[in-house]
$ cat my_file_13.txt   # compact mmCIF, C-alpha atoms and all ligand atoms
# COMPACT_ATOMS: atom_id res chain seq x y z
CA MET A 298 -13.02 31.70 -14.60
CA PRO A 299 -12.70 28.14 -15.93
CA ARG A 300 -15.89 26.86 -17.46
CA GLU A 301 -17.39 23.41 -17.58
CA GLY A 302 -16.80 21.64 -20.89
CA PRO A 303 -15.96 23.00 -24.35
CA SER A 304 -19.15 25.05 -24.57
CA SER A 305 -19.37 27.93 -27.04
CA SER A 306 -20.23 31.38 -25.78
CA PRO A 307 -23.95 31.99 -25.57
CA GLY A 308 -25.27 33.72 -28.63
CA PRO A 309 -27.34 36.89 -28.50
CA GLY A 310 -30.76 36.31 -27.04
CA ARG A 311 -29.82 32.87 -25.66
CA ARG A 312 -29.85 32.19 -21.94
CA ARG A 313 -26.53 31.05 -20.51
CA ARG A 314 -26.85 27.44 -19.37
CA ARG A 315 -26.32 26.89 -15.70
CA PRO A 316 -23.16 24.75 -15.16
CA ALA A 317 -23.44 21.49 -13.24
CA PRO A 318 -23.12 22.20 -9.51
CA ILE A 319 -19.62 21.58 -8.14
CA PRO A 320 -19.74 19.93 -4.71
CA SER A 321 -18.08 22.11 -2.13
CA ALA A 322 -15.91 20.82 0.65
CA ASP A 323 -17.55 20.47 4.03
CA LEU A 324 -16.01 22.99 6.42
CA ALA A 325 -16.89 21.10 9.60
CA LEU A 326 -15.34 17.89 8.22
CA THR A 327 -12.28 19.82 7.02
CA ARG A 328 -11.76 21.17 10.56
CA LEU A 329 -12.05 17.67 12.05
CA LEU A 330 -9.73 16.02 9.53
CA ARG A 331 -7.00 18.65 9.23
CA PRO A 332 -5.09 17.54 12.39
CA LEU A 333 -5.13 13.93 11.09
CA VAL A 334 -3.31 14.70 7.82
CA ARG A 335 0.09 13.00 7.77
CA PRO A 336 2.99 13.07 5.36
CA GLN A 337 2.92 10.02 3.12
CA LEU A 338 5.45 8.47 0.81
CA TRP A 339 3.89 7.00 -2.32
CA LEU A 340 6.04 4.69 -4.38
CA VAL A 341 5.64 4.97 -8.13
CA ARG A 342 6.98 2.60 -10.75
CA ALA A 343 10.09 3.69 -12.56
CA PRO A 344 9.08 4.68 -16.10
CA ARG A 345 9.64 2.21 -18.89
CA GLY A 346 13.00 2.66 -20.50
CA VAL A 347 14.70 3.11 -17.14
CA PRO A 348 16.92 0.08 -16.39
CA ARG A 349 14.67 -2.25 -14.44
CA ARG A 350 17.32 -4.03 -12.43
CA PRO A 351 16.11 -3.13 -8.93
CA GLU A 352 18.52 -1.95 -6.29
CA GLN A 353 18.19 -4.27 -3.25
CA LEU A 354 18.48 -1.49 -0.68
CA LEU A 355 15.79 0.67 -2.31
CA SER A 356 12.07 0.10 -2.80
CA HIS A 357 11.26 -2.37 -5.56
CA VAL A 358 8.91 -5.17 -6.56
CA GLY A 359 10.01 -8.55 -7.87
CA GLY A 360 13.63 -9.42 -8.49
CA ARG A 361 15.78 -10.48 -5.58
CA PRO A 362 15.24 -9.79 -1.89
CA TYR A 363 17.66 -8.56 0.73
CA ALA A 364 18.38 -10.94 3.62
CA GLU A 365 20.24 -10.71 6.91
CA GLY A 366 21.65 -13.38 9.20
CA ALA A 367 21.12 -17.00 8.25
CA ALA A 368 17.81 -16.29 6.49
CA ASP A 369 17.12 -18.68 3.66
CA TRP A 370 14.39 -18.48 0.99
CA PRO A 371 11.15 -19.04 2.96
CA ASP A 372 8.71 -21.88 2.17
CA CYS A 373 4.96 -21.84 2.81
CA THR A 374 4.20 -23.74 6.01
CA ALA A 375 0.79 -24.80 4.61
CA CYS A 376 1.74 -26.21 1.17
CA ASP A 377 5.56 -26.48 1.41
CA GLU A 378 6.06 -24.54 -1.84
CA PRO A 379 8.53 -21.64 -1.88
CA LEU A 380 6.91 -18.30 -1.09
CA THR A 381 6.77 -15.66 -3.84
CA PHE A 382 8.86 -12.56 -3.24
CA LEU A 383 6.57 -9.52 -3.58
CA GLY A 384 8.88 -6.64 -2.95
CA GLU A 385 10.72 -4.37 -0.56
CA LEU A 386 9.74 -1.05 0.91
CA ALA A 387 12.44 1.39 1.99
CA LEU A 388 10.64 3.00 4.92
CA PRO A 389 11.23 6.72 5.34
CA GLY A 390 12.05 8.58 8.53
CA PRO A 391 11.90 12.30 9.25
CA ALA A 392 15.08 12.81 7.18
CA GLU A 393 13.36 11.62 3.98
CA LEU A 394 9.87 12.84 4.80
CA PRO A 395 9.68 15.89 7.09
CA GLY A 396 7.02 15.39 9.77
CA ALA A 397 7.06 11.58 9.48
CA ALA A 398 7.26 9.50 12.65
CA PRO A 399 10.58 7.74 13.36
CA PRO A 400 10.51 4.57 11.26
CA LEU A 401 9.90 1.20 12.95
CA ALA A 402 12.43 -0.32 10.51
CA ARG A 403 14.31 0.88 7.44
CA LEU A 404 13.54 -1.94 5.03
CA ALA A 405 10.51 -4.25 4.91
CA THR A 406 10.74 -7.37 2.74
CA ALA A 407 7.51 -9.24 1.92
CA PHE A 408 6.87 -12.76 0.62
CA VAL A 409 3.53 -14.51 0.15
CA CYS A 410 2.29 -17.91 -0.99
CA PRO A 411 0.35 -17.36 -4.25
CA GLU A 412 -1.69 -20.53 -3.63
CA CYS A 413 -2.63 -19.91 -0.01
CA VAL A 414 -2.98 -16.11 -0.15
CA PRO A 415 -6.82 -15.99 -0.47
CA GLU A 416 -6.98 -17.56 2.99
CA LEU A 417 -4.94 -14.82 4.64
CA GLY A 418 -6.70 -12.62 7.17
CA ALA A 419 -5.68 -10.07 9.77
CA SER A 420 -5.17 -12.76 12.41
CA GLU A 421 -3.06 -15.09 10.24
CA PRO A 422 0.42 -15.56 11.74
CA PRO A 423 3.44 -15.73 9.42
CA GLY A 424 3.83 -19.03 7.55
CA ARG A 425 1.76 -18.49 4.40
CA TYR A 426 3.64 -15.22 4.15
CA ALA A 427 6.84 -13.72 5.56
CA VAL A 428 7.70 -10.14 6.48
CA TRP A 429 11.31 -9.38 7.32
CA LEU A 430 12.33 -6.05 8.82
CA ALA A 431 15.86 -4.66 8.72
CA ASP A 432 16.93 -1.69 10.87
CA ASP A 433 20.24 -1.01 9.18
CA PRO A 434 20.21 -2.53 5.71
CA SER A 435 23.57 -2.28 3.95
CA ARG A 436 25.79 -4.44 1.80
CA ALA A 437 27.97 -5.03 4.86
CA ASN A 438 25.06 -6.22 7.03
CA GLY A 439 23.17 -8.39 4.59
CA ARG A 440 23.20 -10.12 1.23
CA VAL A 441 21.04 -10.62 -1.83
CA LEU A 442 18.98 -13.79 -1.67
CA VAL A 443 18.79 -15.92 -4.81
CA PRO A 444 15.38 -17.48 -5.59
CA PRO A 445 15.06 -21.25 -5.77
CA GLU A 446 15.57 -22.69 -9.26
CA ASP A 447 12.50 -23.45 -11.39
CA GLU A 448 10.39 -20.99 -9.41
CA PRO A 449 9.65 -18.11 -11.77
CA ASN A 450 8.45 -15.08 -9.85
CA PRO A 451 5.18 -13.77 -11.35
CA VAL A 452 6.14 -10.24 -10.27
CA HIS A 453 7.99 -8.27 -12.93
CA PRO A 454 11.10 -6.72 -11.35
CA CYS A 455 10.71 -2.97 -11.19
CA SER A 456 12.18 -0.15 -9.14
CA LEU A 457 9.82 2.08 -7.19
CA ARG A 458 10.56 5.76 -6.79
CA PRO A 459 9.40 7.84 -3.83
CA ALA A 460 6.83 10.59 -4.40
CA PRO A 461 5.96 12.56 -1.27
CA GLY A 462 2.33 13.33 -0.60
CA ARG A 463 -0.20 13.53 2.20
CA SER A 464 -2.61 10.98 3.63
CA LEU A 465 -5.71 10.77 5.77
CA PRO A 466 -6.83 7.77 7.81
CA GLY A 467 -9.16 5.29 6.16
CA GLY A 468 -12.72 4.69 7.39
CA ALA A 469 -11.88 2.03 9.98
CA GLU A 470 -8.87 3.90 11.39
CA LEU A 471 -10.82 7.15 11.44
CA LYS A 472 -13.42 5.68 13.82
CA SER A 473 -10.73 5.13 16.45
CA LEU A 474 -8.90 8.43 15.82
CA SER A 475 -11.90 10.74 15.53
CA PRO A 476 -15.38 9.30 16.08
CA GLU A 477 -16.72 12.81 15.41
CA ALA A 478 -15.14 12.95 11.96
CA ALA A 479 -16.31 9.41 11.19
CA GLU A 480 -19.88 10.36 12.09
CA ARG A 481 -19.73 13.54 10.01
CA LEU A 482 -18.31 11.55 7.09
CA ALA A 483 -21.16 9.03 7.21
CA ALA A 484 -23.76 11.80 7.12
CA LEU A 485 -22.40 13.53 4.00
CA ASP A 486 -22.85 13.06 0.30
CA ARG A 487 -19.97 11.09 -1.27
CA ALA A 488 -19.14 13.91 -3.76
CA ILE A 489 -18.75 16.39 -0.89
CA VAL A 490 -16.60 13.92 1.06
CA ASP A 491 -14.35 13.43 -1.99
CA GLU A 492 -14.06 17.19 -2.48
CA THR A 493 -13.16 17.64 1.21
CA PHE A 494 -10.47 14.95 1.00
CA ARG A 495 -9.11 16.45 -2.22
CA GLY A 496 -8.76 19.80 -0.50
CA LEU A 497 -6.75 18.27 2.34
CA VAL A 498 -4.52 15.69 0.62
CA GLY A 499 -4.76 16.41 -3.11
CA ALA A 500 -6.10 13.98 -5.69
CA PRO A 501 -6.92 10.52 -4.26
CA PHE A 502 -4.19 8.08 -5.15
CA HIS A 503 -4.07 4.31 -5.00
CA GLY A 504 -0.78 2.56 -5.16
CA THR A 505 2.20 1.24 -3.32
CA VAL A 506 2.97 3.27 -0.24
CA ALA A 507 5.65 3.35 2.43
CA SER A 508 4.62 5.24 5.60
CA GLY A 509 1.61 7.37 6.38
CA HIS A 510 -1.90 6.05 6.91
CA ALA A 511 -3.14 2.69 5.62
CA PRO A 512 -5.18 3.22 2.43
CA ASP A 513 -8.95 3.30 2.85
CA LEU A 514 -10.31 -0.09 1.80
CA GLY A 515 -13.68 1.50 1.14
CA ASP A 516 -15.71 -1.27 2.75
CA GLY A 517 -15.36 -0.15 6.37
CA ALA A 518 -13.23 -3.21 7.12
CA ASP A 519 -10.49 -2.71 9.67
CA PRO A 520 -7.47 -4.69 8.47
CA THR A 521 -5.29 -3.72 11.44
CA PRO A 522 -3.90 -6.87 13.07
CA GLU A 523 -3.40 -7.20 16.82
CA CYS A 524 0.07 -7.86 18.12
CA PRO A 525 0.28 -11.51 19.25
CA SER A 526 2.55 -10.48 22.15
CA CYS A 527 0.72 -7.48 23.65
CA GLY A 528 -2.71 -7.52 21.96
CA LYS A 529 -2.42 -3.88 20.85
CA PRO A 530 -3.30 -2.81 17.31
CA GLN A 531 -0.18 -2.88 15.17
CA ALA A 532 1.27 0.14 13.36
CA PHE A 533 1.01 0.48 9.57
CA LEU A 534 4.34 0.12 7.77
CA GLY A 535 3.37 0.27 4.13
CA ALA A 536 1.39 -1.41 1.36
CA LEU A 537 2.18 -3.14 -1.91
CA ASP A 538 -0.52 -2.58 -4.52
CA GLY A 539 -1.76 -5.19 -7.03
CA PRO A 540 -1.14 -3.23 -10.25
CA ASP A 541 2.53 -2.86 -9.29
CA LEU A 542 2.83 -6.65 -8.98
CA GLU A 543 2.70 -7.40 -12.69
CA ARG A 544 3.19 -10.78 -14.24
CA GLU A 545 6.29 -11.05 -16.37
CA ASP A 546 4.66 -12.99 -19.21
CA GLU A 547 1.31 -11.22 -19.46
CA GLU A 548 1.88 -7.54 -20.09
CA GLY A 549 -0.13 -5.38 -17.72
CA GLU A 550 -1.77 -8.32 -16.01
CA PRO A 551 -1.41 -8.01 -12.24
CA ALA A 552 -0.34 -11.26 -10.65
CA PHE A 553 -2.74 -10.92 -7.73
CA GLY A 554 -5.61 -8.97 -9.32
CA GLU A 555 -6.27 -5.25 -9.83
CA GLU A 556 -7.79 -4.76 -6.39
CA ALA A 557 -5.14 -6.70 -4.49
CA LEU A 558 -3.38 -4.90 -1.71
CA PHE A 559 -0.82 -6.31 0.70
CA LEU A 560 -0.69 -4.32 3.92
CA LEU A 561 2.34 -4.59 6.20
CA TYR A 562 2.14 -3.93 9.93
CA THR A 563 4.27 -4.35 13.00
CA CYS A 564 4.14 -3.63 16.74
CA ARG A 565 6.04 -0.62 18.10
CA THR A 566 7.08 -2.70 21.14
CA HIS A 567 7.48 -6.07 19.42
CA PRO A 568 8.81 -5.29 15.92
CA GLY A 569 9.65 -8.97 15.37
CA ALA A 570 5.92 -9.69 15.13
CA ALA A 571 5.44 -8.11 11.67
CA ARG A 572 2.28 -9.14 9.81
CA LEU A 573 1.02 -9.13 6.25
CA VAL A 574 -2.68 -8.69 5.56
CA ALA A 575 -3.95 -9.48 2.06
CA HIS A 576 -6.98 -7.57 0.80
CA ALA A 577 -9.22 -8.55 -2.14
CA VAL A 578 -6.78 -11.02 -3.60
CA VAL A 579 -8.07 -12.91 -6.64
CA PRO A 580 -7.54 -16.65 -6.15
CA PRO A 581 -5.06 -18.01 -8.70
CA GLU A 582 -6.42 -19.83 -11.75
CA PRO A 583 -5.92 -23.57 -11.40
CA GLU A 584 -2.90 -24.51 -13.50
CA GLU A 585 -2.67 -27.55 -15.68
CA ARG A 586 0.37 -29.54 -14.71
CA ASP A 587 1.84 -32.41 -16.67
ZN ZN B 601 1.01 -22.21 0.47
ZN ZN B 602 3.27 -5.92 20.78

$ encode --input "my_file_13.txt" --output "structure tokens" --more "lines below"
Ligand SMILES: [Zn+2]
Ligand SMILES: [Zn+2]
Amino acid sequence: MPREGPSSSPGPGRRRRRPAPIPSADLALTRLLRPLVRPQLWLVRAPRGVPRRPEQLLSHVGGRPYAEGAADWPDCTACDEPLTFLGELALPGPAELPGAAPPLARLATAFVCPECVPELGASEPPGRYAVWLADDPSRANGRVLVPPEDEPNPVHPCSLRPAPGRSLPGGAELKSLSPEAAERLAALDRAIVDETFRGLVGAPFHGTVASGHAPDLGDGADPTPECPSCGKPQAFLGALDGPDLEREDEEGEPAFGEEALFLLYTCRTHPGAARLVAHAVVPPEPEERD
């Protein structure tokens, strides 16, 4: 039996100390949540030492984006400055992730305006950001887009490697999928909830993700945008996480803040209406210009 802490064995005549109680998973909540577990593809940064030149057709942050058709580098419609390229998510289908739903696209490319990003909400149409979806990305169908000169990208180029896992819906999504489970969740102690989740999906993980459920934002907010064409809630594509979006000049300093998360969505019927929702983005420091 594993014991709590590096305690020595109790000496003769000494009472054994009672270990701190370990919260046990809630069986009723486990039963309600089990059918909602989905395969998830986390994306983890390639370890240092691995060549960092990202491959355009695979998941990566920073560097150069993949473009199809006549697409040119997008500018922000609010401030006219070029958008910042965040990264690309190679979205998995059942072939890469058994049990996953058929993908709504194979590659999602995301740009955002670093100046206007704090104003982005779930109802913001593209303009201060851009999300491009490609169904059949290949060297024959597209090209690598070169960033405008004099526009250093604050995101350090880095490849992202897939790590399969499991996910559960976040608080807001859970209310629509299982009101019963949401109610049960609200009534329980946080430690028991965490233990229940750990039993179903493994250790909680925050990071960049392609496919699965949208990460729980922890504040009950529902970031799901409505499709402008049909009004239905859009489907989650993936998320780019702040700590993966490092600045090139400041080691370890995320360009958009530790808590920043960029969530990508699209409509199953109108995939051209892809949206980016920014969460908890730290406004950029005002820069001194000469
Ligand atoms: Zn802007
Ligand atoms: Zn739609």

$ residues_near_ligand --input "my_file_13.txt" --ligand "ligand ZN 601 (chain B)" --cutoff "12 Å" --atoms "all atoms listed in the file" --output "number ranges by chain"
A: 371-381, 408-417, 423-427, 581

$ residues_around --input "my_file_13.txt" --residues "segment 396-406 of chain A" --least-positions-apart "3" --cutoff "9 Å" --atoms "only C-alpha atoms" --output "ChimeraX atom specification"
/A:335-337,354-356,362-364,382-393,427-434,508-509,532,534-535,561,563-565,568

$ write_last_selection --input "my_file_13.txt" --atoms "C-alpha atoms" --output "CSV table (one decimal), in the frame of the given file"
chain,number,residue,atom,x,y,z
A,335,ARG,CA,0.1,13.0,7.8
A,336,PRO,CA,3.0,13.1,5.4
A,337,GLN,CA,2.9,10.0,3.1
A,354,LEU,CA,18.5,-1.5,-0.7
A,355,LEU,CA,15.8,0.7,-2.3
A,356,SER,CA,12.1,0.1,-2.8
A,362,PRO,CA,15.2,-9.8,-1.9
A,363,TYR,CA,17.7,-8.6,0.7
A,364,ALA,CA,18.4,-10.9,3.6
A,382,PHE,CA,8.9,-12.6,-3.2
A,383,LEU,CA,6.6,-9.5,-3.6
A,384,GLY,CA,8.9,-6.6,-3.0
A,385,GLU,CA,10.7,-4.4,-0.6
A,386,LEU,CA,9.7,-1.0,0.9
A,387,ALA,CA,12.4,1.4,2.0
A,388,LEU,CA,10.6,3.0,4.9
A,389,PRO,CA,11.2,6.7,5.3
A,390,GLY,CA,12.0,8.6,8.5
A,391,PRO,CA,11.9,12.3,9.2
A,392,ALA,CA,15.1,12.8,7.2
A,393,GLU,CA,13.4,11.6,4.0
A,427,ALA,CA,6.8,-13.7,5.6
A,428,VAL,CA,7.7,-10.1,6.5
A,429,TRP,CA,11.3,-9.4,7.3
A,430,LEU,CA,12.3,-6.0,8.8
A,431,ALA,CA,15.9,-4.7,8.7
A,432,ASP,CA,16.9,-1.7,10.9
A,433,ASP,CA,20.2,-1.0,9.2
A,434,PRO,CA,20.2,-2.5,5.7
A,508,SER,CA,4.6,5.2,5.6
A,509,GLY,CA,1.6,7.4,6.4
A,532,ALA,CA,1.3,0.1,13.4
A,534,LEU,CA,4.3,0.1,7.8
A,535,GLY,CA,3.4,0.3,4.1
A,561,LEU,CA,2.3,-4.6,6.2
A,563,THR,CA,4.3,-4.4,13.0
A,564,CYS,CA,4.1,-3.6,16.7
A,565,ARG,CA,6.0,-0.6,18.1
A,568,PRO,CA,8.8,-5.3,15.9

$ closest_residue --input "my_file_13.txt" --among "A:Ala507, A:Leu542, A:Cys524, A:Ala407" --to "ligand ZN 602 (chain B)" --atoms "all atoms listed in the file"
A:Cys524

$ residues_near_ligand --input "my_file_13.txt" --ligand "ligand ZN 602 (chain B)" --cutoff "9 Å" --atoms "all atoms listed in the file" --output "number ranges by chain"
A: 523-531, 563-570

$ write_last_selection --input "my_file_13.txt" --atoms "C-alpha atoms" --output "PDB file, in the frame of the given file"
ATOM      1  CA  GLU A 523      -3.400  -7.200  16.820  1.00  0.00           C
ATOM      2  CA  CYS A 524       0.070  -7.860  18.120  1.00  0.00           C
ATOM      3  CA  PRO A 525       0.280 -11.510  19.250  1.00  0.00           C
ATOM      4  CA  SER A 526       2.550 -10.480  22.150  1.00  0.00           C
ATOM      5  CA  CYS A 527       0.720  -7.480  23.650  1.00  0.00           C
ATOM      6  CA  GLY A 528      -2.710  -7.520  21.960  1.00  0.00           C
ATOM      7  CA  LYS A 529      -2.420  -3.880  20.850  1.00  0.00           C
ATOM      8  CA  PRO A 530      -3.300  -2.810  17.310  1.00  0.00           C
ATOM      9  CA  GLN A 531      -0.180  -2.880  15.170  1.00  0.00           C
ATOM     10  CA  THR A 563       4.270  -4.350  13.000  1.00  0.00           C
ATOM     11  CA  CYS A 564       4.140  -3.630  16.740  1.00  0.00           C
ATOM     12  CA  ARG A 565       6.040  -0.620  18.100  1.00  0.00           C
ATOM     13  CA  THR A 566       7.080  -2.700  21.140  1.00  0.00           C
ATOM     14  CA  HIS A 567       7.480  -6.070  19.420  1.00  0.00           C
ATOM     15  CA  PRO A 568       8.810  -5.290  15.920  1.00  0.00           C
ATOM     16  CA  GLY A 569       9.650  -8.970  15.370  1.00  0.00           C
ATOM     17  CA  ALA A 570       5.920  -9.690  15.130  1.00  0.00           C
TER      18      ALA A 570
END

$ residues_around --input "my_file_13.txt" --residues "Gly360 of chain A" --least-positions-apart "6" --cutoff "10 Å" --atoms "only C-alpha atoms" --output "PyMOL selection string"
chain A and resi 349-353+382-385+442-444+450-456

$ write_last_selection --input "my_file_13.txt" --atoms "C-alpha atoms" --output "PDB file, in the frame of the given file"
ATOM      1  CA  ARG A 349      14.670  -2.250 -14.440  1.00  0.00           C
ATOM      2  CA  ARG A 350      17.320  -4.030 -12.430  1.00  0.00           C
ATOM      3  CA  PRO A 351      16.110  -3.130  -8.930  1.00  0.00           C
ATOM      4  CA  GLU A 352      18.520  -1.950  -6.290  1.00  0.00           C
ATOM      5  CA  GLN A 353      18.190  -4.270  -3.250  1.00  0.00           C
ATOM      6  CA  PHE A 382       8.860 -12.560  -3.240  1.00  0.00           C
ATOM      7  CA  LEU A 383       6.570  -9.520  -3.580  1.00  0.00           C
ATOM      8  CA  GLY A 384       8.880  -6.640  -2.950  1.00  0.00           C
ATOM      9  CA  GLU A 385      10.720  -4.370  -0.560  1.00  0.00           C
ATOM     10  CA  LEU A 442      18.980 -13.790  -1.670  1.00  0.00           C
ATOM     11  CA  VAL A 443      18.790 -15.920  -4.810  1.00  0.00           C
ATOM     12  CA  PRO A 444      15.380 -17.480  -5.590  1.00  0.00           C
ATOM     13  CA  ASN A 450       8.450 -15.080  -9.850  1.00  0.00           C
ATOM     14  CA  PRO A 451       5.180 -13.770 -11.350  1.00  0.00           C
ATOM     15  CA  VAL A 452       6.140 -10.240 -10.270  1.00  0.00           C
ATOM     16  CA  HIS A 453       7.990  -8.270 -12.930  1.00  0.00           C
ATOM     17  CA  PRO A 454      11.100  -6.720 -11.350  1.00  0.00           C
ATOM     18  CA  CYS A 455      10.710  -2.970 -11.190  1.00  0.00           C
ATOM     19  CA  SER A 456      12.180  -0.150  -9.140  1.00  0.00           C
TER      20      SER A 456
END

$ closest_residue --input "my_file_13.txt" --among "A:Gly462, A:Pro422, A:Gly359, A:Pro522" --to "Val498 of chain A" --atoms "all atoms listed in the file"
A:Gly462

$ atom_distance --input "my_file_13.txt" --atom1 "atom CA of Glu543 of chain A" --atom2 "atom CA of Arg495 of chain A"
28.6 Å

$ atom_distance --input "my_file_13.txt" --atom1 "atom CA of Phe553 of chain A" --atom2 "atom CA of His576 of chain A"
10.1 Å

$ atom_distance --input "my_file_13.txt" --atom1 "atom CA of Val334 of chain A" --atom2 "atom CA of Val506 of chain A"
15.3 Å

$ residues_around --input "my_file_13.txt" --residues "Leu537 of chain A" --least-positions-apart "6" --cutoff "7 Å" --atoms "only C-alpha atoms" --output "PyMOL selection string"
chain A and resi 505-506+558-560

$ write_last_selection --input "my_file_13.txt" --atoms "C-alpha atoms" --output "mmCIF file, in the frame of the given file"
data_model
loop_
_atom_site.group_PDB
_atom_site.id
_atom_site.type_symbol
_atom_site.label_atom_id
_atom_site.label_comp_id
_atom_site.auth_asym_id
_atom_site.auth_seq_id
_atom_site.Cartn_x
_atom_site.Cartn_y
_atom_site.Cartn_z
ATOM 1 C CA THR A 505 2.200 1.240 -3.320
ATOM 2 C CA VAL A 506 2.970 3.270 -0.240
ATOM 3 C CA LEU A 558 -3.380 -4.900 -1.710
ATOM 4 C CA PHE A 559 -0.820 -6.310 0.700
ATOM 5 C CA LEU A 560 -0.690 -4.320 3.920
#

$ closest_residue --input "my_file_13.txt" --among "A:Ala325, A:Ala367, A:Leu330, A:Leu457" --to "Lys472 of chain A" --atoms "only C-alpha atoms"
A:Leu330

$ closest_residue --input "my_file_13.txt" --among "A:Ala552, A:Leu514, A:Ala500, A:Leu485" --to "Gly468 of chain A" --atoms "all atoms listed in the file"
A:Leu514

$ residues_around --input "my_file_13.txt" --residues "Asp486 of chain A" --least-positions-apart "3" --cutoff "12 Å" --atoms "only C-alpha atoms" --output "list of chain:residue names"
A:Pro320, A:Ser321, A:Ala322, A:Asp323, A:Leu326, A:Arg481, A:Leu482, A:Ala483, A:Ile489, A:Val490, A:Asp491, A:Glu492, A:Thr493

$ closest_residue --input "my_file_13.txt" --among "A:Gly499, A:Gly467, A:Gly366, A:Pro540" --to "Ala557 of chain A" --atoms "all atoms listed in the file"
A:Pro540

$ closest_residue --input "my_file_13.txt" --among "A:Arg328, A:Arg436, A:Arg342, A:Arg458" --to "Ala478 of chain A" --atoms "all atoms listed in the file"
A:Arg328
